[in-house]
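K.L.:
Have a look at the structure that comes next, please.
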Amino acid sequence: MGNYEVLPRNGEFALSATGKNLKDLFGAALSGMSKMMKEVGDDLADGAVVERSVTLSAPELTLLLIDFLSKVLNDSYEHDILYTKVKFEKLDETSLKARLYGLNVDSFDQELRGVNYDTVEIKKNDAGLY
């Protein structure tokens, strides 16, 4: 599993995610966004798990990540679900097919307005991590 860090940025928040592969990177980004939306305690761990499928395509990897996070964010608010886990059946540079797992919630701690396109950047470091 990848890692994430929530960073303050110009009075708002930014998310930095890393992973050894694309699945780790996308999973870490989902976990970080979920954590920003609502703190999940052990009391929610016993709740009924909601499962949804998602299939997306985009011209390139950065847009695919933006579309993925935007889809999860919109679905979360539309259905009051906090998605906390993802399993990818397929993930490459331009498409994905995955199962999202989450919990029904009454409210969110913080409302995220969206994914900011101009700050998303995906690159590999010298160690080969995204």
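Scheme for the structure tokens: letters A, B, ... for chains in order shown; per-chain residue numbers from 1; ligand numbers from 1 in order shown.
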Which residues of segment 4-58 of chain A come within 9 Å of segment 111-123 of chain A, and for each one, what is the closest pair of atoms and their distance in Å to one decimal, counting only C-alpha atoms, sorted by chain and residue number, as CSV?

P.N.:
```
residue,atom,partner,partner_atom,distance
A:Ala14,CA,A:Thr119,CA,8.6
A:Met33,CA,A:Leu112,CA,8.6
A:Met36,CA,A:Leu112,CA,8.0
A:Met37,CA,A:Glu111,CA,6.3
```

K.L.:
Identify, on the basis of only C-alpha atoms, every residue whose closest approach to segment 90-97 of chain A does not exceed 8 Å; exclude the query and any residue fewer than 6 positions from it along the same chain; express the result as a PyMOL selection string.

P.N.:
chain A and resi 22-23+53-61+64

K.L.:
What does the file look like for those residues with N, CA, C and O atoms, as a PDB file, in the first residue's frame?

P.N.:
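Heads up, here's the output in out.pdb:
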```
ATOM      1  N   LEU A  22       1.206   1.829  -9.745  1.00  0.00           N
ATOM      2  CA  LEU A  22       0.014   2.658  -9.941  1.00  0.00           C
ATOM      3  C   LEU A  22      -1.113   2.287  -8.977  1.00  0.00           C
ATOM      4  O   LEU A  22      -1.827   3.158  -8.483  1.00  0.00           O
ATOM      5  N   LYS A  23      -1.290   0.997  -8.703  1.00  0.00           N
ATOM      6  CA  LYS A  23      -2.333   0.577  -7.764  1.00  0.00           C
ATOM      7  C   LYS A  23      -2.092   1.179  -6.385  1.00  0.00           C
ATOM      8  O   LYS A  23      -3.019   1.670  -5.732  1.00  0.00           O
ATOM      9  N   SER A  53     -18.749  -0.511  -8.445  1.00  0.00           N
ATOM     10  CA  SER A  53     -17.718  -0.672  -9.472  1.00  0.00           C
ATOM     11  C   SER A  53     -17.525   0.649 -10.209  1.00  0.00           C
ATOM     12  O   SER A  53     -18.440   1.462 -10.294  1.00  0.00           O
ATOM     13  N   VAL A  54     -16.331   0.838 -10.721  1.00  0.00           N
ATOM     14  CA  VAL A  54     -16.020   2.032 -11.489  1.00  0.00           C
ATOM     15  C   VAL A  54     -15.123   1.630 -12.658  1.00  0.00           C
ATOM     16  O   VAL A  54     -14.207   0.836 -12.497  1.00  0.00           O
ATOM     17  N   THR A  55     -15.445   2.157 -13.831  1.00  0.00           N
ATOM     18  CA  THR A  55     -14.644   1.951 -15.038  1.00  0.00           C
ATOM     19  C   THR A  55     -14.430   3.326 -15.666  1.00  0.00           C
ATOM     20  O   THR A  55     -15.391   4.052 -15.899  1.00  0.00           O
ATOM     21  N   LEU A  56     -13.177   3.669 -15.904  1.00  0.00           N
ATOM     22  CA  LEU A  56     -12.849   4.976 -16.460  1.00  0.00           C
ATOM     23  C   LEU A  56     -11.752   4.847 -17.505  1.00  0.00           C
ATOM     24  O   LEU A  56     -10.930   3.927 -17.445  1.00  0.00           O
ATOM     25  N   SER A  57     -11.725   5.814 -18.401  1.00  0.00           N
ATOM     26  CA  SER A  57     -10.604   5.942 -19.328  1.00  0.00           C
ATOM     27  C   SER A  57     -10.303   7.428 -19.496  1.00  0.00           C
ATOM     28  O   SER A  57     -11.181   8.278 -19.310  1.00  0.00           O
ATOM     29  N   ALA A  58      -9.059   7.710 -19.824  1.00  0.00           N
ATOM     30  CA  ALA A  58      -8.606   9.092 -20.007  1.00  0.00           C
ATOM     31  C   ALA A  58      -7.429   9.080 -20.972  1.00  0.00           C
ATOM     32  O   ALA A  58      -6.785   8.039 -21.150  1.00  0.00           O
ATOM     33  N   PRO A  59      -7.132  10.214 -21.584  1.00  0.00           N
ATOM     34  CA  PRO A  59      -6.038  10.261 -22.560  1.00  0.00           C
ATOM     35  C   PRO A  59      -4.652  10.011 -21.956  1.00  0.00           C
ATOM     36  O   PRO A  59      -3.737   9.592 -22.655  1.00  0.00           O
ATOM     37  N   GLU A  60      -4.514  10.267 -20.652  1.00  0.00           N
ATOM     38  CA  GLU A  60      -3.210  10.051 -20.022  1.00  0.00           C
ATOM     39  C   GLU A  60      -3.377   9.865 -18.511  1.00  0.00           C
ATOM     40  O   GLU A  60      -4.440  10.101 -17.956  1.00  0.00           O
ATOM     41  N   LEU A  61      -2.309   9.436 -17.865  1.00  0.00           N
ATOM     42  CA  LEU A  61      -2.331   8.991 -16.476  1.00  0.00           C
ATOM     43  C   LEU A  61      -2.787  10.065 -15.491  1.00  0.00           C
ATOM     44  O   LEU A  61      -3.607   9.797 -14.609  1.00  0.00           O
ATOM     45  N   LEU A  64      -6.403  10.462 -15.671  1.00  0.00           N
ATOM     46  CA  LEU A  64      -7.071   9.279 -15.124  1.00  0.00           C
ATOM     47  C   LEU A  64      -7.164   9.370 -13.602  1.00  0.00           C
ATOM     48  O   LEU A  64      -8.212   9.083 -13.019  1.00  0.00           O
TER      49      LEU A  64
END
```

K.L.:
Would you kindly return, as an MDAnalysis selection string, each protein, DNA or RNA residue with an atom no farther than 7 Å from any atom of Lys87 of chain A, considering only C-alpha atoms and excluding same-chain residues fewer than 4 positions away?

P.N.:
chainID A and resid 98:100

K.L.:
Restricted to C-alpha atoms, what would the selected residues look like written as a short mmCIF file (atom, residue, chain, number, x, y, z; two decimals), in the first residue's frame?

P.N.:
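Generated file (part35.cif):
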```cif
data_model
loop_
_atom_site.label_atom_id
_atom_site.label_comp_id
_atom_site.auth_asym_id
_atom_site.auth_seq_id
_atom_site.Cartn_x
_atom_site.Cartn_y
_atom_site.Cartn_z
CA ALA A 98 -12.03 -1.27 -9.99
CA ARG A 99 -14.28 -2.10 -7.04
CA LEU A 100 -14.72 0.60 -4.41
#
```

K.L.:
Residues near Glu5 of chain A, anyone? I mean within 9 Å using only C-alpha atoms, not counting same-chain ones fewer than 3 positions away, as an MDAnalysis selection string.

P.N.:
chainID A and resid 14:18 32

K.L.:
Let's see if you can do this: from backbone DSSP, list all alpha helix (DSSP H) residues in chain A, as number ranges by chain.

P.N.:
A: 22-37, 42-45, 61-79

K.L.:
Just the selected residues (N, CA and C atoms), exported as a compact mmCIF listing (two decimals), in the first residue's frame, please.

P.N.:
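The result, written out as again.txt:
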```txt
# COMPACT_ATOMS: atom_id res chain seq x y z
N LEU A 22 1.21 1.83 -9.74
CA LEU A 22 0.01 2.66 -9.94
C LEU A 22 -1.11 2.29 -8.98
N LYS A 23 -1.29 1.00 -8.70
CA LYS A 23 -2.33 0.58 -7.76
C LYS A 23 -2.09 1.18 -6.39
N ASP A 24 -0.84 1.14 -5.93
CA ASP A 24 -0.50 1.74 -4.64
C ASP A 24 -0.74 3.24 -4.65
N LEU A 25 -0.34 3.90 -5.73
CA LEU A 25 -0.50 5.35 -5.84
C LEU A 25 -1.98 5.75 -5.79
N PHE A 26 -2.80 5.13 -6.62
CA PHE A 26 -4.22 5.45 -6.66
C PHE A 26 -4.89 5.10 -5.33
N GLY A 27 -4.52 3.97 -4.74
CA GLY A 27 -5.07 3.58 -3.44
C GLY A 27 -4.71 4.55 -2.34
N ALA A 28 -3.46 5.03 -2.34
CA ALA A 28 -3.02 6.00 -1.34
C ALA A 28 -3.75 7.33 -1.52
N ALA A 29 -3.96 7.74 -2.77
CA ALA A 29 -4.70 8.98 -3.03
C ALA A 29 -6.14 8.86 -2.53
N LEU A 30 -6.77 7.70 -2.75
CA LEU A 30 -8.12 7.48 -2.24
C LEU A 30 -8.14 7.52 -0.72
N SER A 31 -7.20 6.85 -0.08
CA SER A 31 -7.14 6.84 1.39
C SER A 31 -6.95 8.23 1.95
N GLY A 32 -6.07 9.01 1.35
CA GLY A 32 -5.83 10.37 1.81
C GLY A 32 -7.05 11.26 1.65
N MET A 33 -7.71 11.14 0.51
CA MET A 33 -8.91 11.95 0.29
C MET A 33 -10.01 11.56 1.27
N SER A 34 -10.17 10.26 1.51
CA SER A 34 -11.18 9.80 2.47
C SER A 34 -10.89 10.32 3.87
N LYS A 35 -9.63 10.29 4.25
CA LYS A 35 -9.23 10.78 5.58
C LYS A 35 -9.51 12.27 5.72
N MET A 36 -9.35 13.01 4.64
CA MET A 36 -9.64 14.44 4.67
C MET A 36 -11.15 14.69 4.82
N MET A 37 -11.95 13.79 4.26
CA MET A 37 -13.40 13.95 4.30
C MET A 37 -14.00 13.59 5.65
N ASP A 42 -13.03 3.13 14.91
CA ASP A 42 -13.36 1.71 15.00
C ASP A 42 -14.86 1.47 15.00
N ASP A 43 -15.63 2.47 15.47
CA ASP A 43 -17.09 2.32 15.51
C ASP A 43 -17.68 2.16 14.11
N LEU A 44 -17.03 2.73 13.09
CA LEU A 44 -17.53 2.60 11.72
C LEU A 44 -17.07 1.30 11.07
N ALA A 45 -16.07 0.67 11.64
CA ALA A 45 -15.54 -0.55 11.05
C ALA A 45 -16.58 -1.68 11.05
N LEU A 61 -2.31 9.44 -17.86
CA LEU A 61 -2.33 8.99 -16.48
C LEU A 61 -2.79 10.06 -15.49
N THR A 62 -2.29 11.27 -15.62
CA THR A 62 -2.68 12.34 -14.70
C THR A 62 -4.18 12.60 -14.76
N LEU A 63 -4.72 12.64 -15.95
CA LEU A 63 -6.16 12.84 -16.09
C LEU A 63 -6.95 11.66 -15.55
N LEU A 64 -6.40 10.46 -15.67
CA LEU A 64 -7.07 9.28 -15.12
C LEU A 64 -7.16 9.37 -13.60
N LEU A 65 -6.09 9.80 -12.95
CA LEU A 65 -6.13 9.96 -11.49
C LEU A 65 -7.13 11.04 -11.10
N ILE A 66 -7.12 12.15 -11.80
CA ILE A 66 -8.07 13.24 -11.51
C ILE A 66 -9.51 12.75 -11.69
N ASP A 67 -9.77 12.05 -12.79
CA ASP A 67 -11.12 11.53 -13.04
C ASP A 67 -11.54 10.52 -11.98
N PHE A 68 -10.61 9.67 -11.57
CA PHE A 68 -10.89 8.66 -10.54
C PHE A 68 -11.27 9.33 -9.22
N LEU A 69 -10.44 10.25 -8.76
CA LEU A 69 -10.72 10.92 -7.49
C LEU A 69 -12.00 11.76 -7.57
N SER A 70 -12.22 12.41 -8.70
CA SER A 70 -13.45 13.20 -8.88
C SER A 70 -14.69 12.31 -8.85
N LYS A 71 -14.62 11.16 -9.51
CA LYS A 71 -15.73 10.21 -9.51
C LYS A 71 -16.03 9.73 -8.10
N VAL A 72 -15.00 9.37 -7.36
CA VAL A 72 -15.18 8.91 -5.98
C VAL A 72 -15.77 10.02 -5.12
N LEU A 73 -15.25 11.22 -5.27
CA LEU A 73 -15.73 12.36 -4.49
C LEU A 73 -17.20 12.64 -4.77
N ASN A 74 -17.56 12.71 -6.03
CA ASN A 74 -18.96 12.97 -6.39
C ASN A 74 -19.89 11.87 -5.91
N ASP A 75 -19.48 10.62 -6.08
CA ASP A 75 -20.30 9.50 -5.64
C ASP A 75 -20.44 9.50 -4.11
N SER A 76 -19.38 9.86 -3.42
CA SER A 76 -19.42 9.93 -1.95
C SER A 76 -20.49 10.89 -1.47
N TYR A 77 -20.49 12.09 -2.04
CA TYR A 77 -21.46 13.10 -1.61
C TYR A 77 -22.88 12.79 -2.08
N GLU A 78 -23.00 12.22 -3.27
CA GLU A 78 -24.33 11.91 -3.80
C GLU A 78 -25.02 10.81 -3.01
N HIS A 79 -24.23 9.83 -2.53
CA HIS A 79 -24.83 8.66 -1.86
C HIS A 79 -24.48 8.57 -0.37
```

K.L.:
Calculated over only C-alpha atoms, which of the candidates A:Lys85, A:Lys124, A:Lys20, A:Arg9 has the smallest distance to Leu103 of chain A?

P.N.:
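The shortest atom-to-atom distance to Leu103 of chain A comes from A:Lys85.
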
K.L.:
Would you return as a VMD selection string the members of chain A that DSSP assigns to strand (DSSP E or B) on this structure's backbone?

P.N.:
chain A and resid 3 to 9 12 to 18 49 to 57 81 to 91 95 to 104

K.L.:
For atom CA of Asn104 of chain A and atom CA of Val49 of chain A, determine how far apart the two atoms are, in Å to one decimal place.

P.N.:
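For atom CA of Asn104 of chain A relative to atom CA of Val49 of chain A, the distance reads 7.6 Å.
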